[in-house]
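These notes concern the structure reproduced below.
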Amino acid sequence: MLLSGVQPLPYDQERKMNIVLHEPEIPANTGNIGRTCVATGSRLHLIQPLGFCLEEKQLRRAGLDYWKDLDVTVYQNFEEFLERNAGARIYMATTKAKQIYSEVSYQADDYIMFGKESAGIPEEILVNYKETCIRIPMKSNIRSLNLSNSVAVVLYEALRQTKFEQMQLTGELHRLHW
């Protein structure tokens with residue numbers, strides 16, 4: 001199912017980073033992540049069940065007026081996601097990983113998957129992705145970071161490694177001049 005009538009290009013036609021949310025529960029987090037995806041030219045993939053309705057006000061408020069520009073695909077389950085993205089290189093962001101997110105080499109069309117806020121990615125999925133599981137370092141007494149913050153941290157590292165491809169790298173003052 002696609003939103004806004006937007007059809008993403010086939011896997012090999014346009015190189016974009018891909019953010020995958022497995023069963024997200026909190027609409028404000030997904031809205032914030034959607035806005036980050038629009039700002040970075042990344043695709044968002046949502047794997048059901050979702051803990052909210054895609055028409056929910058909190059989701060749209062967090063994404064502000066950018067939600068209409070979001071390249072988003074919704075899948076019935078993880079199996080459908082794999083079928084429709086065959087051959088994709090998928091990194092699994094999890095607190096259970098042995099390698100740090102900044103120690104891997106990202107490519108411009110990679111997929112980075114994050115789990116639901118209350119439980120993360122199921123271990124039944126993670127066990128098949130040992131080599132591509134990544135983690136954000138943090139103190140041992142903290143269970144995890146906020147989901148939207150975690151997506152931003154990892155996504156911007158991947159974009160940095162790919163030289164911020166197709167992104168505006170400089171800004172200008174609005175009223176004054178440098």
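Chain identifiers are assigned as A, B, and so on, following the order in which chains appear in the structure tokens; residues are numbered from 1 within each chain, and ligands are numbered from 1 in order of appearance.
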
How close does each residue of region 28-63 of chain A get to region 106-117 of chain A, giving the shortest atom pair and distance in Å to one decimal for every residue with an atom at most 12 Å away, counting only C-alpha atoms, sorted by chain and residue number, as JSON lines?
```
{"residue": "A:Ala28", "atom": "CA", "partner": "A:Glu117", "partner_atom": "CA", "distance": 11.6}
{"residue": "A:Asn29", "atom": "CA", "partner": "A:Glu117", "partner_atom": "CA", "distance": 9.0}
{"residue": "A:Thr30", "atom": "CA", "partner": "A:Lys116", "partner_atom": "CA", "distance": 10.4}
{"residue": "A:Ile33", "atom": "CA", "partner": "A:Phe114", "partner_atom": "CA", "distance": 11.0}
{"residue": "A:Thr40", "atom": "CA", "partner": "A:Ala108", "partner_atom": "CA", "distance": 11.6}
{"residue": "A:Gly41", "atom": "CA", "partner": "A:Ala108", "partner_atom": "CA", "distance": 10.8}
{"residue": "A:Ser42", "atom": "CA", "partner": "A:Asp109", "partner_atom": "CA", "distance": 9.1}
{"residue": "A:Arg43", "atom": "CA", "partner": "A:Tyr111", "partner_atom": "CA", "distance": 9.1}
{"residue": "A:Leu44", "atom": "CA", "partner": "A:Tyr111", "partner_atom": "CA", "distance": 9.5}
{"residue": "A:His45", "atom": "CA", "partner": "A:Met113", "partner_atom": "CA", "distance": 8.8}
{"residue": "A:Leu46", "atom": "CA", "partner": "A:Met113", "partner_atom": "CA", "distance": 9.7}
{"residue": "A:Ile47", "atom": "CA", "partner": "A:Gly115", "partner_atom": "CA", "distance": 9.6}
{"residue": "A:Gln48", "atom": "CA", "partner": "A:Lys116", "partner_atom": "CA", "distance": 10.5}
{"residue": "A:Pro49", "atom": "CA", "partner": "A:Lys116", "partner_atom": "CA", "distance": 10.2}
{"residue": "A:Leu50", "atom": "CA", "partner": "A:Lys116", "partner_atom": "CA", "distance": 9.1}
{"residue": "A:Gly51", "atom": "CA", "partner": "A:Lys116", "partner_atom": "CA", "distance": 9.1}
```

With the cut-off set at 12 Å and counting only C-alpha atoms, tabulate each residue of region 14-51 of chain A with an atom at most that distance from an atom of region 156-178 of chain A, showing the nearest atom pair and its distance in Å to one decimal, ordered by chain and increasing number, as a tab-separated table.
```
residue	atom	partner	partner_atom	distance
A:Glu14	CA	A:Gln166	CA	11.4
A:Arg15	CA	A:Glu165	CA	9.3
A:Lys16	CA	A:Glu165	CA	8.9
A:Met17	CA	A:Leu159	CA	7.8
A:Asn18	CA	A:Ala158	CA	10.4
A:Ile19	CA	A:Ala158	CA	11.0
A:Thr36	CA	A:Tyr156	CA	9.7
A:Cys37	CA	A:Tyr156	CA	10.5
A:Val38	CA	A:Met167	CA	11.1
A:Ala39	CA	A:Met167	CA	8.7
A:Thr40	CA	A:Met167	CA	6.9
A:Gly41	CA	A:Met167	CA	7.9
A:Ser42	CA	A:Leu159	CA	9.7
```

Next, the residues of the selection above should be written as a compact mmCIF listing (two decimals), in the first residue's frame with N, CA, C and O atoms.
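result.txt was written with the following content:
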```txt
# COMPACT_ATOMS: atom_id res chain seq x y z
N GLU A 14 16.77 4.60 -8.64
CA GLU A 14 17.15 5.80 -7.92
C GLU A 14 17.76 5.42 -6.59
O GLU A 14 17.17 4.69 -5.82
N ARG A 15 18.94 5.92 -6.33
CA ARG A 15 19.65 5.56 -5.11
C ARG A 15 19.22 6.49 -3.98
O ARG A 15 19.48 7.69 -4.04
N LYS A 16 18.56 5.94 -2.99
CA LYS A 16 18.12 6.69 -1.81
C LYS A 16 18.35 5.82 -0.59
O LYS A 16 18.25 4.60 -0.66
N MET A 17 18.62 6.47 0.53
CA MET A 17 18.65 5.72 1.78
C MET A 17 17.21 5.32 2.11
O MET A 17 16.26 6.02 1.74
N ASN A 18 17.07 4.22 2.79
CA ASN A 18 15.76 3.67 3.14
C ASN A 18 15.68 3.44 4.63
O ASN A 18 16.52 2.73 5.19
N ILE A 19 14.68 4.02 5.26
CA ILE A 19 14.44 3.81 6.69
C ILE A 19 13.24 2.89 6.81
O ILE A 19 12.18 3.14 6.23
N THR A 36 12.13 13.74 8.81
CA THR A 36 13.56 13.53 8.59
C THR A 36 13.79 12.88 7.23
O THR A 36 14.72 13.26 6.50
N CYS A 37 12.95 11.94 6.86
CA CYS A 37 13.10 11.28 5.55
C CYS A 37 12.89 12.28 4.41
O CYS A 37 13.63 12.26 3.43
N VAL A 38 11.89 13.15 4.53
CA VAL A 38 11.67 14.16 3.50
C VAL A 38 12.90 15.08 3.42
O VAL A 38 13.39 15.38 2.33
N ALA A 39 13.41 15.52 4.56
CA ALA A 39 14.54 16.44 4.59
C ALA A 39 15.81 15.84 4.01
O ALA A 39 16.67 16.57 3.51
N THR A 40 15.93 14.52 4.05
CA THR A 40 17.14 13.86 3.57
C THR A 40 16.95 13.15 2.24
O THR A 40 17.90 12.55 1.72
N GLY A 41 15.74 13.19 1.70
CA GLY A 41 15.48 12.49 0.44
C GLY A 41 15.46 10.98 0.59
O GLY A 41 15.72 10.24 -0.35
N SER A 42 15.15 10.51 1.79
CA SER A 42 15.12 9.08 2.07
C SER A 42 13.70 8.53 1.94
O SER A 42 12.74 9.26 2.10
```

Closest contacts (region 118-178 of chain A/region 81-104 of chain A, max 7 Å, only C-alpha atoms) as a Markdown table:
```
| residue | atom | partner | partner_atom | distance |
| --- | --- | --- | --- | --- |
| A:Gly120 | CA | A:Thr94 | CA | 6.7 |
| A:Ile121 | CA | A:Thr94 | CA | 6.9 |
| A:Thr132 | CA | A:Tyr91 | CA | 4.8 |
| A:Cys133 | CA | A:Met92 | CA | 4.5 |
| A:Ile134 | CA | A:Tyr101 | CA | 4.9 |
| A:Arg135 | CA | A:Ile100 | CA | 4.9 |
| A:Ile136 | CA | A:Ile100 | CA | 5.9 |
| A:Pro137 | CA | A:Ile100 | CA | 6.8 |
| A:Ser144 | CA | A:Thr95 | CA | 6.9 |
| A:Val154 | CA | A:Tyr101 | CA | 6.5 |
| A:Glu157 | CA | A:Ser102 | CA | 6.6 |
```

*Can you list, as a list in words, every residue of region 50-163 of chain A that DSSP puts in strand (DSSP E or B)?*
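Everything in region 50-163 of chain A that counts as strand (DSSP E or B) is Val72, Thr73, Val74, Tyr75, Ile90, Tyr91, Met92, Ala93, Gln99, Ile100, Tyr111, Ile112, Met113, Phe114, Lys116, Gly120, Cys133, Ile134 and Arg135 of chain A.
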
Would you output that residue set with N, CA and C atoms, as a JSON list (two decimals), in the first residue's frame?
```
[["chain", "number", "residue", "atom", "x", "y", "z"],
["A", 72, "VAL", "N", 6.63, 6.97, 1.02],
["A", 72, "VAL", "CA", 6.38, 5.96, 2.05],
["A", 72, "VAL", "C", 5.63, 4.77, 1.47],
["A", 73, "THR", "N", 6.04, 3.58, 1.91],
["A", 73, "THR", "CA", 5.39, 2.34, 1.52],
["A", 73, "THR", "C", 5.02, 1.59, 2.79],
["A", 74, "VAL", "N", 3.83, 1.01, 2.81],
["A", 74, "VAL", "CA", 3.37, 0.23, 3.97],
["A", 74, "VAL", "C", 3.27, -1.24, 3.55],
["A", 75, "TYR", "N", 3.74, -2.12, 4.41],
["A", 75, "TYR", "CA", 3.74, -3.56, 4.15],
["A", 75, "TYR", "C", 2.90, -4.27, 5.20],
["A", 90, "ILE", "N", 20.25, -4.80, 4.23],
["A", 90, "ILE", "CA", 19.49, -4.30, 5.38],
["A", 90, "ILE", "C", 20.36, -4.31, 6.64],
["A", 91, "TYR", "N", 20.50, -3.13, 7.24],
["A", 91, "TYR", "CA", 21.12, -3.02, 8.55],
["A", 91, "TYR", "C", 20.02, -3.02, 9.59],
["A", 92, "MET", "N", 20.24, -3.72, 10.67],
["A", 92, "MET", "CA", 19.27, -3.83, 11.76],
["A", 92, "MET", "C", 19.79, -3.05, 12.96],
["A", 93, "ALA", "N", 19.13, -1.95, 13.30],
["A", 93, "ALA", "CA", 19.54, -1.14, 14.44],
["A", 93, "ALA", "C", 18.94, -1.74, 15.71],
["A", 99, "GLN", "N", 28.38, -4.56, 16.77],
["A", 99, "GLN", "CA", 29.13, -3.51, 16.09],
["A", 99, "GLN", "C", 28.41, -2.16, 16.16],
["A", 100, "ILE", "N", 29.21, -1.11, 16.18],
["A", 100, "ILE", "CA", 28.69, 0.25, 16.29],
["A", 100, "ILE", "C", 28.29, 0.76, 14.91],
["A", 111, "TYR", "N", 19.22, -0.09, 3.38],
["A", 111, "TYR", "CA", 18.02, -0.07, 4.21],
["A", 111, "TYR", "C", 18.49, -0.17, 5.66],
["A", 112, "ILE", "N", 17.93, 0.68, 6.52],
["A", 112, "ILE", "CA", 18.26, 0.65, 7.94],
["A", 112, "ILE", "C", 16.95, 0.44, 8.68],
["A", 113, "MET", "N", 16.84, -0.68, 9.37],
["A", 113, "MET", "CA", 15.59, -1.04, 10.03],
["A", 113, "MET", "C", 15.67, -0.80, 11.53],
["A", 114, "PHE", "N", 14.56, -0.28, 12.07],
["A", 114, "PHE", "CA", 14.41, -0.01, 13.50],
["A", 114, "PHE", "C", 13.15, -0.71, 13.99],
["A", 116, "LYS", "N", 10.02, -1.60, 17.00],
["A", 116, "LYS", "CA", 9.02, -0.82, 17.74],
["A", 116, "LYS", "C", 9.60, -0.30, 19.05],
["A", 120, "GLY", "N", 11.82, -3.23, 20.28],
["A", 120, "GLY", "CA", 12.85, -3.33, 19.24],
["A", 120, "GLY", "C", 12.47, -4.35, 18.17],
["A", 133, "CYS", "N", 23.79, -6.22, 12.00],
["A", 133, "CYS", "CA", 23.18, -5.59, 13.17],
["A", 133, "CYS", "C", 24.13, -4.50, 13.66],
["A", 134, "ILE", "N", 23.55, -3.33, 13.97],
["A", 134, "ILE", "CA", 24.34, -2.18, 14.41],
["A", 134, "ILE", "C", 23.71, -1.58, 15.66],
["A", 135, "ARG", "N", 24.53, -0.91, 16.45],
["A", 135, "ARG", "CA", 24.03, -0.28, 17.67],
["A", 135, "ARG", "C", 24.61, 1.12, 17.83]]
```

Name the residues of chain A that come out as alpha helix (DSSP H) in a backbone DSSP run; write them as a CSV table (one decimal) with C-alpha atoms, in the first residue's frame.
```
chain,number,residue,atom,x,y,z
A,27,PRO,CA,2.6,8.3,15.9
A,28,ALA,CA,4.7,11.3,16.9
A,29,ASN,CA,7.9,9.3,16.5
A,30,THR,CA,6.8,8.1,13.0
A,31,GLY,CA,5.8,11.7,12.1
A,32,ASN,CA,9.2,13.0,13.1
A,33,ILE,CA,10.9,10.2,11.2
A,34,GLY,CA,8.8,11.0,8.2
A,35,ARG,CA,9.9,14.6,8.3
A,36,THR,CA,13.6,13.5,8.6
A,37,CYS,CA,13.1,11.3,5.6
A,38,VAL,CA,11.7,14.2,3.5
A,39,ALA,CA,14.5,16.4,4.6
A,40,THR,CA,17.1,13.9,3.6
A,57,LYS,CA,-3.5,13.9,13.9
A,58,GLN,CA,-0.3,13.4,16.0
A,59,LEU,CA,1.4,11.7,13.1
A,60,ARG,CA,0.6,14.6,10.7
A,61,ARG,CA,1.4,17.3,13.4
A,62,ALA,CA,4.9,15.8,13.9
A,63,GLY,CA,5.5,15.6,10.2
A,78,PHE,CA,8.2,-8.4,7.3
A,79,GLU,CA,7.9,-11.2,4.7
A,80,GLU,CA,6.1,-8.9,2.3
A,81,PHE,CA,8.8,-6.3,2.9
A,82,LEU,CA,11.5,-8.8,2.0
A,83,GLU,CA,9.6,-10.0,-1.1
A,84,ARG,CA,9.1,-6.5,-2.4
A,123,GLU,CA,15.1,-11.7,17.9
A,124,GLU,CA,13.6,-14.1,15.4
A,125,ILE,CA,14.5,-11.5,12.7
A,126,LEU,CA,17.8,-10.4,14.2
A,147,LEU,CA,13.2,6.0,18.1
A,148,SER,CA,13.2,9.2,16.1
A,149,ASN,CA,16.5,10.3,17.6
A,150,SER,CA,18.0,6.9,16.8
A,151,VAL,CA,16.9,7.1,13.2
A,152,ALA,CA,18.4,10.6,12.9
A,153,VAL,CA,21.7,9.6,14.4
A,154,VAL,CA,22.2,6.5,12.2
A,155,LEU,CA,20.7,8.0,9.0
A,156,TYR,CA,23.0,11.1,9.1
A,157,GLU,CA,26.1,8.9,9.6
A,158,ALA,CA,25.0,6.9,6.5
A,159,LEU,CA,24.5,10.2,4.6
A,160,ARG,CA,27.8,11.6,5.8
A,161,GLN,CA,29.6,8.4,4.5
```

*Computed interatomic separation between CA of Ile142 (chain A) and CA of Ala119 (chain A) (Å)*: 13.8 Å

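Separating CA of Glu131 (chain A) from CA of Leu21 (chain A) is a distance of 19.4 Å.
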
*Of the residues A:Leu70, A:Leu54, A:Leu145, A:Val20, which is the one nearest to Ser118 (chain A), using only C-alpha atoms?*
A:Leu145
